[in-house]
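Structure below is input.cif: mmCIF, C-alpha atoms and all ligand atoms.
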```cif
data_run
#
loop_
_atom_site.group_PDB
_atom_site.id
_atom_site.type_symbol
_atom_site.label_atom_id
_atom_site.label_comp_id
_atom_site.auth_asym_id
_atom_site.auth_seq_id
_atom_site.Cartn_x
_atom_site.Cartn_y
_atom_site.Cartn_z
ATOM 1 C CA MET W 16 32.528 67.665 -58.630
ATOM 2 C CA LYS W 17 30.614 70.053 -60.814
ATOM 3 C CA ILE W 18 29.284 73.514 -60.259
ATOM 4 C CA TRP W 19 26.906 75.500 -62.413
ATOM 5 C CA VAL W 20 27.665 79.163 -62.812
ATOM 6 C CA ASP W 21 24.031 80.214 -63.268
ATOM 7 C CA ARG W 22 23.127 78.674 -59.899
ATOM 8 C CA LEU W 23 25.668 80.703 -57.953
ATOM 9 C CA SER W 24 24.708 83.679 -55.852
ATOM 10 C CA ALA W 25 26.695 86.156 -53.768
ATOM 11 C CA GLU W 26 25.981 83.959 -50.750
ATOM 12 C CA PRO W 27 28.467 81.045 -50.525
ATOM 13 C CA GLU W 28 26.870 77.645 -50.787
ATOM 14 C CA GLU W 29 28.747 74.646 -49.506
ATOM 15 C CA ILE W 30 28.848 71.198 -51.050
ATOM 16 C CA THR W 31 30.516 68.154 -49.557
ATOM 17 C CA GLU W 32 31.490 65.388 -51.914
ATOM 18 C CA SER W 33 33.446 62.204 -51.618
ATOM 19 C CA PRO W 34 34.325 60.706 -54.975
ATOM 20 C CA GLY W 35 34.700 56.939 -54.826
ATOM 21 C CA ARG W 36 37.619 54.622 -55.426
ATOM 22 C CA ASP W 37 37.162 54.740 -59.189
ATOM 23 C CA TRP W 38 37.936 58.422 -59.084
ATOM 24 C CA TRP W 39 40.991 57.773 -56.964
ATOM 25 C CA GLN W 40 42.229 55.011 -59.222
ATOM 26 C CA ALA W 41 41.797 57.134 -62.323
ATOM 27 C CA HIS W 42 43.905 59.928 -60.862
ATOM 28 C CA PHE W 43 46.458 58.279 -58.588
ATOM 29 C CA GLU W 44 46.827 54.584 -59.270
ATOM 30 C CA SER W 45 48.004 54.337 -62.810
ATOM 31 C CA THR W 46 50.518 51.490 -62.970
ATOM 32 C CA ASP W 47 53.518 53.640 -63.881
ATOM 33 C CA SER W 48 52.927 56.028 -61.001
ATOM 34 C CA PRO W 49 55.753 56.210 -58.457
ATOM 35 C CA ASP W 50 53.085 56.916 -55.846
ATOM 36 C CA ALA W 51 51.811 53.349 -55.889
ATOM 37 C CA GLU W 52 53.437 52.799 -52.474
ATOM 38 C CA PHE W 53 50.557 54.785 -50.982
ATOM 39 C CA GLU W 54 47.220 53.040 -50.735
ATOM 40 C CA LEU W 55 43.893 54.702 -50.216
ATOM 41 C CA VAL W 56 42.242 53.942 -46.864
ATOM 42 C CA GLU W 57 39.099 56.017 -47.304
ATOM 43 C CA SER W 58 37.897 58.078 -50.216
ATOM 44 C CA PRO W 59 38.852 61.742 -50.043
ATOM 45 C CA VAL W 60 36.285 64.210 -48.745
ATOM 46 C CA PHE W 61 35.995 67.643 -50.338
ATOM 47 C CA HIS W 62 34.172 70.623 -48.878
ATOM 48 C CA VAL W 63 33.707 73.394 -51.402
ATOM 49 C CA ALA W 64 31.860 76.685 -50.868
ATOM 50 C CA SER W 65 31.102 78.500 -54.099
ATOM 51 C CA CYS W 66 29.659 81.909 -54.835
ATOM 52 C CA SER W 67 29.725 84.567 -57.523
ATOM 53 C CA ARG W 68 31.579 87.877 -57.329
ATOM 54 C CA GLY W 69 30.260 89.836 -60.242
ATOM 55 C CA GLN W 70 31.390 87.836 -63.256
ATOM 56 C CA LYS W 71 33.909 85.882 -61.215
ATOM 57 C CA VAL W 72 33.450 82.502 -59.576
ATOM 58 C CA ASP W 73 34.821 82.299 -56.052
ATOM 59 C CA LEU W 74 35.640 78.860 -54.635
ATOM 60 C CA LYS W 75 36.897 78.135 -51.168
ATOM 61 C CA GLY W 76 37.283 74.846 -49.370
ATOM 62 C CA ASN W 77 39.379 72.018 -48.090
ATOM 63 C CA PHE W 78 39.932 68.306 -48.426
ATOM 64 C CA GLU W 79 41.117 65.392 -46.379
ATOM 65 C CA VAL W 80 42.158 61.897 -47.314
ATOM 66 C CA GLU W 81 43.812 59.070 -45.414
ATOM 67 C CA LEU W 82 46.432 56.847 -46.981
ATOM 68 C CA ASP W 83 48.230 53.728 -45.889
ATOM 69 C CA ALA W 84 51.931 53.512 -46.650
ATOM 70 C CA GLN W 85 55.095 51.669 -45.776
ATOM 71 C CA CYS W 86 57.752 53.719 -43.996
ATOM 72 C CA GLY W 87 60.889 53.882 -46.132
ATOM 73 C CA ARG W 88 63.104 53.740 -43.031
ATOM 74 C CA CYS W 89 61.584 51.233 -40.602
ATOM 75 C CA LEU W 90 59.373 49.389 -43.140
ATOM 76 C CA ARG W 91 56.314 49.518 -40.871
ATOM 77 C CA ARG W 92 52.885 50.311 -42.328
ATOM 78 C CA TYR W 93 51.520 53.603 -41.095
ATOM 79 C CA ARG W 94 48.664 55.993 -41.784
ATOM 80 C CA GLN W 95 49.380 59.159 -43.698
ATOM 81 C CA ALA W 96 46.706 61.841 -43.610
ATOM 82 C CA LEU W 97 46.716 64.499 -46.326
ATOM 83 C CA GLN W 98 44.739 67.664 -45.887
ATOM 84 C CA ASP W 99 44.780 71.215 -47.108
ATOM 85 C CA SER W 100 42.571 74.193 -47.749
ATOM 86 C CA PHE W 101 42.337 76.294 -50.890
ATOM 87 C CA ARG W 102 40.895 79.392 -52.506
ATOM 88 C CA LEU W 103 40.341 79.649 -56.249
ATOM 89 C CA LEU W 104 39.071 82.655 -58.121
ATOM 90 C CA LEU W 105 37.993 82.072 -61.717
ATOM 91 C CA GLU W 106 37.312 84.825 -64.181
ATOM 92 C CA PRO W 107 35.503 84.458 -67.496
ATOM 93 C CA VAL W 108 37.882 83.743 -70.362
ATOM 94 C CA VAL W 109 38.172 86.530 -72.916
ATOM 95 C CA GLU W 110 39.785 86.886 -76.328
ATOM 96 C CA ASN W 111 43.215 87.876 -74.988
ATOM 97 C CA SER W 112 43.344 85.711 -71.839
ATOM 98 C CA PRO W 113 46.918 84.337 -71.632
ATOM 99 C CA LEU W 114 46.161 80.646 -72.186
ATOM 100 C CA ASP W 115 48.635 78.104 -73.527
ATOM 101 C CA PRO W 116 47.446 75.206 -75.743
ATOM 102 C CA GLU W 117 47.222 72.892 -72.731
ATOM 103 C CA GLY W 118 45.104 75.459 -70.911
ATOM 104 C CA ARG W 119 42.808 75.817 -73.893
ATOM 105 C CA ALA W 120 42.391 72.038 -74.050
ATOM 106 C CA ALA W 121 41.484 71.956 -70.342
ATOM 107 C CA LEU W 122 39.007 74.765 -70.872
ATOM 108 C CA GLU W 123 37.465 72.807 -73.724
ATOM 109 C CA ARG W 124 37.214 69.627 -71.660
ATOM 110 C CA THR W 125 36.200 70.907 -68.216
ATOM 111 C CA GLY W 126 35.188 74.553 -68.641
ATOM 112 C CA VAL W 127 38.098 75.486 -66.340
ATOM 113 C CA CYS W 128 41.692 76.502 -66.985
ATOM 114 C CA LEU W 129 43.941 76.901 -63.958
ATOM 115 C CA GLY W 130 46.614 79.558 -63.510
ATOM 116 C CA GLU W 131 50.142 78.750 -62.355
ATOM 117 C CA GLU W 132 49.578 78.991 -58.621
ATOM 118 C CA LEU W 133 46.216 77.190 -58.558
ATOM 119 C CA GLU W 134 44.743 80.286 -56.945
ATOM 120 C CA THR W 135 43.325 81.895 -60.045
ATOM 121 C CA GLY W 136 42.131 80.730 -63.426
ATOM 122 C CA TRP W 137 39.548 81.131 -66.158
ATOM 123 C CA TYR W 138 36.219 79.546 -66.931
ATOM 124 C CA ARG W 139 33.956 79.280 -69.901
ATOM 125 C CA GLY W 140 30.337 78.239 -70.119
ATOM 126 C CA ASN W 141 27.985 77.247 -67.359
ATOM 127 C CA GLU W 142 29.057 73.773 -66.297
ATOM 128 C CA LEU W 143 32.440 73.669 -64.558
ATOM 129 C CA GLU W 144 34.120 70.341 -63.814
ATOM 130 C CA LEU W 145 36.464 70.690 -60.823
ATOM 131 C CA ASP W 146 37.885 67.153 -60.654
ATOM 132 C CA ASP W 147 41.219 67.974 -62.288
ATOM 133 C CA PHE W 148 41.689 70.892 -59.925
ATOM 134 C CA LEU W 149 40.842 68.778 -56.867
ATOM 135 C CA ALA W 150 43.200 65.996 -57.953
ATOM 136 C CA GLU W 151 45.924 68.580 -58.491
ATOM 137 C CA LEU W 152 45.448 69.838 -54.919
ATOM 138 C CA ILE W 153 45.947 66.337 -53.544
ATOM 139 C CA ALA W 154 49.014 65.823 -55.738
ATOM 140 C CA LEU W 155 50.529 69.022 -54.334
ATOM 141 C CA SER W 156 50.087 67.865 -50.749
ATOM 142 C CA TRP W 157 51.641 64.462 -51.501
ATOM 143 C CA PRO W 158 54.603 63.652 -49.229
ATOM 144 C CA LEU W 159 58.017 63.544 -50.915
ATOM 145 C CA GLN W 160 58.822 60.279 -49.220
ATOM 146 C CA ALA W 161 56.970 57.768 -47.079
ATOM 147 C CA VAL W 162 58.224 58.224 -43.522
ATOM 148 C CA CYS W 163 56.129 57.211 -40.495
ATOM 149 C CA LYS W 164 57.419 60.185 -38.514
ATOM 150 C CA ASP W 165 60.046 62.815 -39.268
ATOM 151 C CA ASP W 166 62.498 61.477 -36.718
ATOM 152 C CA CYS W 167 61.935 57.787 -37.427
ATOM 153 C CA PRO W 168 65.362 56.240 -36.673
ATOM 154 C CA GLY W 169 64.755 53.364 -39.082
ATOM 155 C CA LEU W 170 66.370 49.961 -39.000
ATOM 156 C CA CYS W 171 69.913 49.360 -37.790
ATOM 157 C CA PRO W 172 72.011 48.899 -40.943
ATOM 158 C CA GLN W 173 74.037 46.193 -39.198
ATOM 159 C CA CYS W 174 71.669 43.968 -37.222
ATOM 160 C CA GLY W 175 68.345 45.115 -38.681
ATOM 161 C CA VAL W 176 66.449 45.828 -35.430
ATOM 162 C CA ASP W 177 63.824 48.561 -35.454
ATOM 163 C CA ARG W 178 65.667 51.337 -33.645
ATOM 164 C CA SER W 179 62.466 53.051 -32.565
ATOM 165 C CA LYS W 180 61.589 49.959 -30.498
ATOM 166 C CA THR W 181 64.895 48.450 -29.451
ATOM 167 C CA ASP W 182 68.382 49.734 -28.868
ATOM 168 C CA CYS W 183 71.040 47.460 -30.254
ATOM 169 C CA ALA W 184 74.685 47.191 -29.297
ATOM 170 C CA CYS W 185 75.940 47.917 -32.805
ATOM 171 C CA ARG W 186 78.346 50.809 -32.998
ATOM 172 C CA ASP W 187 78.297 53.366 -35.709
ATOM 173 C CA PRO W 188 80.940 52.036 -38.113
ATOM 174 C CA LYS W 189 81.986 55.548 -39.116
ATOM 175 C CA PRO W 190 84.283 57.380 -36.689
ATOM 176 C CA GLU W 191 83.036 60.861 -35.926
ATOM 177 C CA SER W 192 86.218 62.657 -36.932
ATOM 178 C CA PRO W 193 89.749 61.917 -38.119
ATOM 179 C CA PHE W 194 90.888 62.482 -34.550
ATOM 180 C CA ALA W 195 88.669 59.628 -33.401
ATOM 181 C CA VAL W 196 90.605 57.340 -35.750
ATOM 182 C CA LEU W 197 93.890 58.497 -34.285
ATOM 183 C CA GLU W 198 92.494 57.888 -30.836
ATOM 184 C CA VAL W 199 91.667 54.292 -31.742
ATOM 185 C CA LEU W 200 95.105 53.714 -33.284
ATOM 186 C CA ARG W 201 96.839 55.120 -30.219
ATOM 187 C CA ASP W 202 94.767 52.895 -27.920
ATOM 188 C CA LYS W 203 95.732 49.870 -30.011
ATOM 189 C CA ASN W 204 99.400 50.781 -29.896
ATOM 190 C CA THR W 205 99.514 51.309 -26.169
ATOM 191 C CA GLY W 206 97.598 48.048 -25.718
ATOM 192 C CA SER W 207 100.116 46.068 -27.723
ATOM 193 C CA VAL W 208 103.152 47.338 -25.861
HETATM 194 ZN ZN ZN N 1 59.411 54.538 -39.716
HETATM 195 ZN ZN ZN N 2 72.173 46.953 -34.619
#
```

Rewrite the structure of this file - the entire thing - as structure tokens.
Ligand SMILES: [Zn+2]
Ligand SMILES: [Zn+2]
Amino acid sequence: MKIWVDRLSAEPEEITESPGRDWWQAHFESTDSPDAEFELVESPVFHVASCSRGQKVDLKGNFEVELDAQCGRCLRRYRQALQDSFRLLLEPVVENSPLDPEGRAALERTGVCLGEELETGWYRGNELELDDFLAELIALSWPLQAVCKDDCPGLCPQCGVDRSKTDCACRDPKPESPFAVLEVLRDKNTGSV
């Protein structure tokens, strides 16, 4: 997604864009990515409203994307929606803007250099390429692990049934406390007498 600084006015103008699968693949499906367990269902949709505030560029918007993943506990496939909103304020880069070499390279390449929190940054020139920023937003909303629901009970480690569907008769092999062990031993002893 690109915006042109000289086309901005004080009145926010909204664009909706959905970059295709190529975009997704370029950002999220490199072969060495640990995120390969998530598959794209539909291309992400971005809504971005942009306007100017004096010299600054003010961007506000949100995104949504739906992924397909395999639950790490129960192994079922499930749908994982990612969505978030954002606000980004870019100011024109100046001589003493605190940019590191990586930031300068980004500025060179895209016209945009992002600050630490992804809420502020710098721009240079007229044509600003927002793709890196948008991909970064998605990466930040990425789940730490693939779980179909927070309280998914997963598979029984002993018999393998899906515990969210069926109860099994397997007992937890670990006693709850040392006293539980004593209890068991005492029962055994009294039984053998
Ligand atoms: Zn699950
Ligand atoms: Zn079981």

| message | Could you list, as a PyMOL selection string, all residues that come within 10 Å of ligand ZN 2 (chain N)? Count all atoms listed in the file. | response | chain W and resi 170-178+181-187

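Nearest to Gln98 in chain W of all the residues W:Glu79, W:Asp115, W:Glu134, W:Glu144 is W:Glu79, counting all atoms listed in the file.
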
| task | Find the residues around range 122-125 of chain W up to 9 Å (only C-alpha atoms counted), leave out those fewer than 3 positions away in its own chain, and share them as JSON, numbers by chain. | result | {"W": [117, 118, 119, 128, 129, 137, 138, 139, 142, 143, 144, 145, 146, 147]}

Could you produce a table of the residues of chain W lying within 10 Å of ligand ZN 1 (chain N), with the nearest pair of atoms per residue and their separation in Å rounded to one decimal, using all atoms listed in the file, ordered by chain and increasing residue number, as JSON lines?
```
{"residue": "W:Gln85", "atom": "CA", "partner": "N:ZN1", "partner_atom": "ZN", "distance": 8.0}
{"residue": "W:Cys86", "atom": "CA", "partner": "N:ZN1", "partner_atom": "ZN", "distance": 4.7}
{"residue": "W:Gly87", "atom": "CA", "partner": "N:ZN1", "partner_atom": "ZN", "distance": 6.6}
{"residue": "W:Arg88", "atom": "CA", "partner": "N:ZN1", "partner_atom": "ZN", "distance": 5.0}
{"residue": "W:Cys89", "atom": "CA", "partner": "N:ZN1", "partner_atom": "ZN", "distance": 4.1}
{"residue": "W:Leu90", "atom": "CA", "partner": "N:ZN1", "partner_atom": "ZN", "distance": 6.2}
{"residue": "W:Arg91", "atom": "CA", "partner": "N:ZN1", "partner_atom": "ZN", "distance": 6.0}
{"residue": "W:Arg92", "atom": "CA", "partner": "N:ZN1", "partner_atom": "ZN", "distance": 8.2}
{"residue": "W:Tyr93", "atom": "CA", "partner": "N:ZN1", "partner_atom": "ZN", "distance": 8.1}
{"residue": "W:Ala161", "atom": "CA", "partner": "N:ZN1", "partner_atom": "ZN", "distance": 8.4}
{"residue": "W:Val162", "atom": "CA", "partner": "N:ZN1", "partner_atom": "ZN", "distance": 5.4}
{"residue": "W:Cys163", "atom": "CA", "partner": "N:ZN1", "partner_atom": "ZN", "distance": 4.3}
{"residue": "W:Lys164", "atom": "CA", "partner": "N:ZN1", "partner_atom": "ZN", "distance": 6.1}
{"residue": "W:Asp165", "atom": "CA", "partner": "N:ZN1", "partner_atom": "ZN", "distance": 8.3}
{"residue": "W:Asp166", "atom": "CA", "partner": "N:ZN1", "partner_atom": "ZN", "distance": 8.2}
{"residue": "W:Cys167", "atom": "CA", "partner": "N:ZN1", "partner_atom": "ZN", "distance": 4.7}
{"residue": "W:Pro168", "atom": "CA", "partner": "N:ZN1", "partner_atom": "ZN", "distance": 6.9}
{"residue": "W:Gly169", "atom": "CA", "partner": "N:ZN1", "partner_atom": "ZN", "distance": 5.5}
{"residue": "W:Leu170", "atom": "CA", "partner": "N:ZN1", "partner_atom": "ZN", "distance": 8.4}
{"residue": "W:Asp177", "atom": "CA", "partner": "N:ZN1", "partner_atom": "ZN", "distance": 8.6}
{"residue": "W:Arg178", "atom": "CA", "partner": "N:ZN1", "partner_atom": "ZN", "distance": 9.3}
{"residue": "W:Ser179", "atom": "CA", "partner": "N:ZN1", "partner_atom": "ZN", "distance": 7.9}
```

Using C-alpha atoms, can you write the selected residues to a file as an mmCIF file, in the coordinates of the input?
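See out06.cif below for the written result:
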```cif
data_model
loop_
_atom_site.group_PDB
_atom_site.id
_atom_site.type_symbol
_atom_site.label_atom_id
_atom_site.label_comp_id
_atom_site.auth_asym_id
_atom_site.auth_seq_id
_atom_site.Cartn_x
_atom_site.Cartn_y
_atom_site.Cartn_z
ATOM 1 C CA GLN W 85 55.095 51.669 -45.776
ATOM 2 C CA CYS W 86 57.752 53.719 -43.996
ATOM 3 C CA GLY W 87 60.889 53.882 -46.132
ATOM 4 C CA ARG W 88 63.104 53.740 -43.031
ATOM 5 C CA CYS W 89 61.584 51.233 -40.602
ATOM 6 C CA LEU W 90 59.373 49.389 -43.140
ATOM 7 C CA ARG W 91 56.314 49.518 -40.871
ATOM 8 C CA ARG W 92 52.885 50.311 -42.328
ATOM 9 C CA TYR W 93 51.520 53.603 -41.095
ATOM 10 C CA ALA W 161 56.970 57.768 -47.079
ATOM 11 C CA VAL W 162 58.224 58.224 -43.522
ATOM 12 C CA CYS W 163 56.129 57.211 -40.495
ATOM 13 C CA LYS W 164 57.419 60.185 -38.514
ATOM 14 C CA ASP W 165 60.046 62.815 -39.268
ATOM 15 C CA ASP W 166 62.498 61.477 -36.718
ATOM 16 C CA CYS W 167 61.935 57.787 -37.427
ATOM 17 C CA PRO W 168 65.362 56.240 -36.673
ATOM 18 C CA GLY W 169 64.755 53.364 -39.082
ATOM 19 C CA LEU W 170 66.370 49.961 -39.000
ATOM 20 C CA ASP W 177 63.824 48.561 -35.454
ATOM 21 C CA ARG W 178 65.667 51.337 -33.645
ATOM 22 C CA SER W 179 62.466 53.051 -32.565
#
```

| query | If we count all atoms listed in the file, what is near Ser33 in chain W at a cut-off of 7 Å, once residues fewer than 2 positions away on the same chain are taken out, given as a ChimeraX atom specification? | reply | /W:31,35,58-61

What does the file look like for those residues with C-alpha atoms, as a PDB file, in the coordinates of the input?
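Result file follows (out_36.pdb):
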```
ATOM      1  CA  THR W  31      30.516  68.154 -49.557  1.00  0.00           C
ATOM      2  CA  GLY W  35      34.700  56.939 -54.826  1.00  0.00           C
ATOM      3  CA  SER W  58      37.897  58.078 -50.216  1.00  0.00           C
ATOM      4  CA  PRO W  59      38.852  61.742 -50.043  1.00  0.00           C
ATOM      5  CA  VAL W  60      36.285  64.210 -48.745  1.00  0.00           C
ATOM      6  CA  PHE W  61      35.995  67.643 -50.338  1.00  0.00           C
TER       7      PHE W  61
END
```

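Minimum atom-to-atom distances from W:Leu152, W:Leu82, W:Leu105, W:Val20 to Gly140 in chain W were compared using only C-alpha atoms, and the lowest value belongs to W:Val20.
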
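In this model, the gap between CA of Pro27 in chain W and CA of Ser67 in chain W comes to 7.9 Å.
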